[in-house]
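Take a look at the structure set out below.
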Amino acid sequence: MTRRVLGIDGSPRSDRVAFLHDNEPDRPGLNAAEERDLSHIRRFGATGAAMMALGALGAGAQPVLQNPVQGVRVLGLFARALPAALTVTMIGTAIVVLAWLLLGRLAVGSFGAGSSPRRLSRSQLDRTLALWIVPLCVAPPMFSKDVYSYLAQSEITARGLDPYSIGPQAALGVDHVLTRTVPNIWRDTPAPYGPFFLWIGRGITAITGDNIVAGIFLHRIVALAGVVLIVWALPRLAARCGVSSVAALWLGAANPLLLFHLVAGIHNEAAMLGLMLAGLEIAFRAIESAGRTGPMNRREIGLLLAGAAIIALSATIKIPSILALGFVGMALARRRGGRARDVAVAAAVLGAVTLVVFLAVSTASGLGFGWLGTLNTASAVRSWMSLPTLLGLATGGAGVLLGIGDHTTAVLSLTRPIASFVAAVIIVRMLVSVLLGRLHPIGALGVSLGALVLLFPVVQPWYLLWAVTPLAAWATRPAFRVPVIVFSAFVSLIVMPTGGEVQPFVIVQAAVATVLTVALIIAATRRILPWRARDGAAASEPSADAYAGSS
């Protein structure tokens with residue numbers, strides 16, 4: 001059977017993307033058994049998040065100085081018992097991941113035939129997500145120490161120095177309280193972030209000074225604001241793609257990668273993605289409202305320019321989000337007729353908006369355009385998750401084993417440019433597909449960001465969210481969802497909460513204890529939690545308040 005899926009302008013799209021996308025309606029209305037399952041899953045996930053927050057008192061990415069629990073009678077025990085604290089945190093991490101997978105049965109259903117089409121309501125998912133986030137909001141940083149680099153770079157900015165030409169050690173001194181907690185690899189490197197983010201950081205520094213704990217919580221508030229924008233925009237974008245908003249939120253916003261690395265880890269990807277998705281929603285609202293013919297009215301033009309400006313603003317946090325403007329431009333050009341001059345007009349308009357935003361932020365912040373020269377700073381890290389870097393490392397290691405020397409650097413100088421070229425080809429192909437109406441711009445953006453992430457010189461676990469969040473609003477087929485679910489769960493479980501190196505024997509002990517404990521938990525809750533899918537009879541009877549969204 002041929003699927004008829006509509007593009008951004010209402011025109012039918014080809015069947016070429018049917019293996020990734022299909023229309024997927026929202027059908028809330030869990031039956032009584034499913035609502036009981038939801039209640040148990042909520043508490044299960046909240047318990048895991050609370051265990052993570054508790055264990056992070058000793059196994060989190062704690063500051064070297066100003067550790068608020070150090071020396072405290074009860075809470076300080078975790079810092080003095082790293083193996084136990086790490087075990088508690090890892091058990092909590094596993095519980096949250098398992099709870100997310102169980103929640104997926106109520107948000108997406110199983111992929112086999114005969115699965116129930118009903119889903120939990122939006123309000124039910126929102127309450128579940130909020131319950132899981134709250135413990136992580138008050139926990140110490142986990143999984144990364146990047147927030148300490150944020151604090152140091154913000155202090156450099158507050159002192160009137162240029163964070164794009166000098167690192168924390170040279171600017172603040174090696175013994176400064178903020179420098180001491182910055183990882184060694186970043187102490188002598190300039191800031192790789194855009195001026196808008198450091199401008200926010202300078203405001204945080206003006207409030208908190210050298211108080212690390214206060215600075216961490218204010219940066220977490222910024223991250224939470226980004227998460228709120230993601231939760232606001234994602235279901236709206238999903239509705240434009242004919243996708244269940246609940247399924248999109250489950251995969252994109254309730255994803256453990258987001259909970260662990262954007263909320264607990266306090267990464268500025270939260271603000272970047274939140275602004276990017278919000279800008280996309282506003283821009284596409286204007287394009288869809290305008291229809292396929294005739295000029296835009298003043299309101300629609302205003303929405304389009306506002307959406308483009310918000311996307312450009314997100315790029316002044318981290319530059320990859322600028323890619324979203326290309327797909328807005330192609331959607332706009334297709335609406336105007338899809339001719340070469342339409343592409344040129346759209347590029348000129350959106351380019352002008354971007355230039356104005358970049359000039360305004362760079363000038364008003366007083367930071368200038370030095371940030372454009374430090375975008376490659378992160379490539380100093382050799383990440384196994386990056387395909388070109390992994391290839392270079394494997395080749396260099398093979399050379400060592402064969403006795404011909406370590407040629408890793410030389411191989412990386414070849415693999416990374418080639419990967420960048422391949423990523424550029426994929427992105428251009430996606431742009432053309434949007435212009436021709438073969439692919440929805442949200443899906444094309446997600447595929448492009450996915451190619452960019454996988455072929456990037458360095459890939460961190462949270463970079464995967466660049467692609468997962470927009471694709472969650474468009475891709476519905478198992479060919480996409482199953483790999484993302486598996487990879488999200490796997491990566492969420494293997495990253496250590498300390499944000500640094502841990503002795504291997506400690507990791508092994510904690511991992512063994514975690515596996516045994518989780519196995520016992522599953523055995524003990526086999527009659528409470530839906531570890532096995534409900535049979536057809538149990539899933540066929542709707543509740544009395546179906547479609548009411550109550551819980």
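In the structure tokens, chains take the letters A, B, ... in the order shown, each chain's residues start at 1, and ligands count up from 1 in the order shown.
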
**Test item, alpha helix (DSSP H) assignment across region 88-248 of chain A, answer as a PyMOL selection string** = chain A and resi 88-107+122-137+146-158+168-172+195-208+212-240+245-248

**Prompt:** If we count only C-alpha atoms, what is near Leu75 (chain A) at a cut-off of 9 Å, once residues fewer than 3 positions away on the same chain are taken out, given as a PyMOL selection string?
**Reply:** chain A and resi 54+57-58+69-72+78-79

May I have the selected residues written with C-alpha atoms, as a PDB file, in the first residue's frame?
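The result, written out as result_31.pdb:
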ATOM      1  CA  LEU A  54      22.200  10.642  46.224  1.00  0.00           C
ATOM      2  CA  LEU A  57      27.284  13.293  46.315  1.00  0.00           C
ATOM      3  CA  GLY A  58      30.327  11.048  46.080  1.00  0.00           C
ATOM      4  CA  VAL A  69      29.317  17.971  51.315  1.00  0.00           C
ATOM      5  CA  GLN A  70      32.969  17.489  52.161  1.00  0.00           C
ATOM      6  CA  GLY A  71      33.352  17.008  55.904  1.00  0.00           C
ATOM      7  CA  VAL A  72      29.592  16.803  56.506  1.00  0.00           C
ATOM      8  CA  PHE A  78      29.606   9.241  49.933  1.00  0.00           C
ATOM      9  CA  ALA A  79      32.743  11.192  49.029  1.00  0.00           C
TER      10      ALA A  79
END

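With only C-alpha atoms as the basis for measurement, A:Gly92 is the residue among A:Pro457, A:Gly45, A:Gly215, A:Gly92 that approaches Val518 (chain A) most closely.
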
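Coordinates place CA of Ala225 (chain A) at a distance of 21.6 Å from CA of Ala152 (chain A).
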
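With only C-alpha atoms as the atoms that count, the minimum distance from Val484 (chain A) to the choices A:Leu101, A:Leu275, A:Val434, A:Thr316 is reached by A:Leu101.
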
**Asked** CA of Ile317 (chain A) and CA of Gly194 (chain A), how far apart in Å?
**Response** 4.4 Å

**Item:** For Arg481 (chain A), the nearest of the candidates A:Thr93, A:Asn255, A:Ser420, A:Gln169, counting only C-alpha atoms
**Value:** A:Asn255

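What separates CA of Trp474 (chain A) from CA of Glu24 (chain A) is a distance of 9.7 Å.
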
**Request:** Can you pull out every residue within 12 Å of Val222 (chain A), counting only C-alpha atoms, but drop anything in the same chain fewer than 2 positions away, and send it as a VMD selection string?
**Result:** chain A and resid 137 147 197 200 to 201 203 to 204 215 to 220 224 to 229 262 to 263 266 to 272 274 to 275 317

Keeping only N, CA and C atoms, write the selected residues to a file as an mmCIF file, in the first residue's frame.
data_model
loop_
_atom_site.group_PDB
_atom_site.id
_atom_site.type_symbol
_atom_site.label_atom_id
_atom_site.label_comp_id
_atom_site.auth_asym_id
_atom_site.auth_seq_id
_atom_site.Cartn_x
_atom_site.Cartn_y
_atom_site.Cartn_z
ATOM 1 N N CYS A 137 17.744 17.915 39.257
ATOM 2 C CA CYS A 137 17.929 19.364 39.331
ATOM 3 C C CYS A 137 18.707 19.786 40.565
ATOM 4 N N VAL A 147 30.793 22.126 33.056
ATOM 5 C CA VAL A 147 30.220 23.295 33.723
ATOM 6 C C VAL A 147 31.297 24.110 34.426
ATOM 7 N N PHE A 197 26.253 32.662 24.790
ATOM 8 C CA PHE A 197 26.385 31.825 25.972
ATOM 9 C C PHE A 197 27.335 32.450 26.992
ATOM 10 N N ILE A 200 25.650 35.291 28.785
ATOM 11 C CA ILE A 200 24.832 34.790 29.891
ATOM 12 C C ILE A 200 25.723 34.417 31.071
ATOM 13 N N GLY A 201 26.835 33.729 30.764
ATOM 14 C CA GLY A 201 27.762 33.339 31.823
ATOM 15 C C GLY A 201 28.327 34.519 32.578
ATOM 16 N N GLY A 203 26.790 37.277 33.138
ATOM 17 C CA GLY A 203 25.740 37.705 34.061
ATOM 18 C C GLY A 203 25.670 36.809 35.281
ATOM 19 N N ILE A 204 25.852 35.497 35.074
ATOM 20 C CA ILE A 204 25.863 34.573 36.208
ATOM 21 C C ILE A 204 27.029 34.879 37.134
ATOM 22 N N GLY A 215 27.018 29.167 41.127
ATOM 23 C CA GLY A 215 27.193 29.232 39.682
ATOM 24 C C GLY A 215 26.653 28.001 38.981
ATOM 25 N N ILE A 216 26.864 26.821 39.585
ATOM 26 C CA ILE A 216 26.350 25.577 39.003
ATOM 27 C C ILE A 216 24.828 25.611 38.914
ATOM 28 N N PHE A 217 24.181 26.046 39.975
ATOM 29 C CA PHE A 217 22.719 26.039 39.971
ATOM 30 C C PHE A 217 22.154 27.062 38.984
ATOM 31 N N LEU A 218 22.791 28.210 38.811
ATOM 32 C CA LEU A 218 22.297 29.175 37.831
ATOM 33 C C LEU A 218 22.509 28.662 36.410
ATOM 34 N N HIS A 219 23.628 28.002 36.163
ATOM 35 C CA HIS A 219 23.819 27.400 34.842
ATOM 36 C C HIS A 219 22.807 26.286 34.610
ATOM 37 N N ARG A 220 22.444 25.569 35.656
ATOM 38 C CA ARG A 220 21.432 24.525 35.498
ATOM 39 C C ARG A 220 20.071 25.138 35.187
ATOM 40 N N LEU A 224 17.758 24.146 32.130
ATOM 41 C CA LEU A 224 16.347 23.780 32.291
ATOM 42 C C LEU A 224 15.445 24.639 31.410
ATOM 43 N N ALA A 225 15.800 25.909 31.246
ATOM 44 C CA ALA A 225 15.029 26.765 30.336
ATOM 45 C C ALA A 225 15.095 26.214 28.914
ATOM 46 N N GLY A 226 16.270 25.705 28.526
ATOM 47 C CA GLY A 226 16.383 25.078 27.222
ATOM 48 C C GLY A 226 15.533 23.831 27.111
ATOM 49 N N VAL A 227 15.491 23.027 28.168
ATOM 50 C CA VAL A 227 14.668 21.817 28.167
ATOM 51 C C VAL A 227 13.191 22.183 28.048
ATOM 52 N N VAL A 228 12.783 23.233 28.727
ATOM 53 C CA VAL A 228 11.386 23.696 28.619
ATOM 54 C C VAL A 228 11.058 24.064 27.176
ATOM 55 N N LEU A 229 11.975 24.735 26.496
ATOM 56 C CA LEU A 229 11.748 25.088 25.091
ATOM 57 C C LEU A 229 11.653 23.835 24.222
ATOM 58 N N LEU A 262 22.004 16.814 29.693
ATOM 59 C CA LEU A 262 21.573 18.214 29.621
ATOM 60 C C LEU A 262 21.084 18.725 30.966
ATOM 61 N N VAL A 263 20.374 17.883 31.719
ATOM 62 C CA VAL A 263 19.897 18.304 33.041
ATOM 63 C C VAL A 263 20.961 18.048 34.105
ATOM 64 N N ILE A 266 24.366 19.495 32.721
ATOM 65 C CA ILE A 266 24.315 20.958 32.565
ATOM 66 C C ILE A 266 25.027 21.411 31.291
ATOM 67 N N HIS A 267 24.849 20.708 30.199
ATOM 68 C CA HIS A 267 25.501 21.116 28.954
ATOM 69 C C HIS A 267 24.691 22.189 28.238
ATOM 70 N N ASN A 268 25.414 23.087 27.553
ATOM 71 C CA ASN A 268 24.733 24.191 26.876
ATOM 72 C C ASN A 268 24.016 23.748 25.600
ATOM 73 N N GLU A 269 24.103 22.457 25.251
ATOM 74 C CA GLU A 269 23.256 21.941 24.173
ATOM 75 C C GLU A 269 21.776 22.134 24.488
ATOM 76 N N ALA A 270 21.414 22.170 25.759
ATOM 77 C CA ALA A 270 20.002 22.363 26.124
ATOM 78 C C ALA A 270 19.498 23.700 25.590
ATOM 79 N N ALA A 271 20.257 24.769 25.829
ATOM 80 C CA ALA A 271 19.851 26.087 25.337
ATOM 81 C C ALA A 271 19.917 26.146 23.818
ATOM 82 N N MET A 272 20.967 25.553 23.229
ATOM 83 C CA MET A 272 21.097 25.568 21.774
ATOM 84 C C MET A 272 19.923 24.850 21.109
ATOM 85 N N GLY A 274 16.990 23.996 22.437
ATOM 86 C CA GLY A 274 15.713 24.619 22.763
ATOM 87 C C GLY A 274 15.415 25.803 21.869
ATOM 88 N N LEU A 275 16.400 26.679 21.681
ATOM 89 C CA LEU A 275 16.200 27.842 20.807
ATOM 90 C C LEU A 275 16.039 27.410 19.354
ATOM 91 N N ILE A 317 25.306 30.244 20.523
ATOM 92 C CA ILE A 317 25.664 29.381 21.662
ATOM 93 C C ILE A 317 26.590 28.287 21.165
#

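Nearest residue to Leu435 (chain A) among A:Ala331, A:Leu367, A:Leu452, A:Ala423 is A:Ala331, counting only C-alpha atoms.
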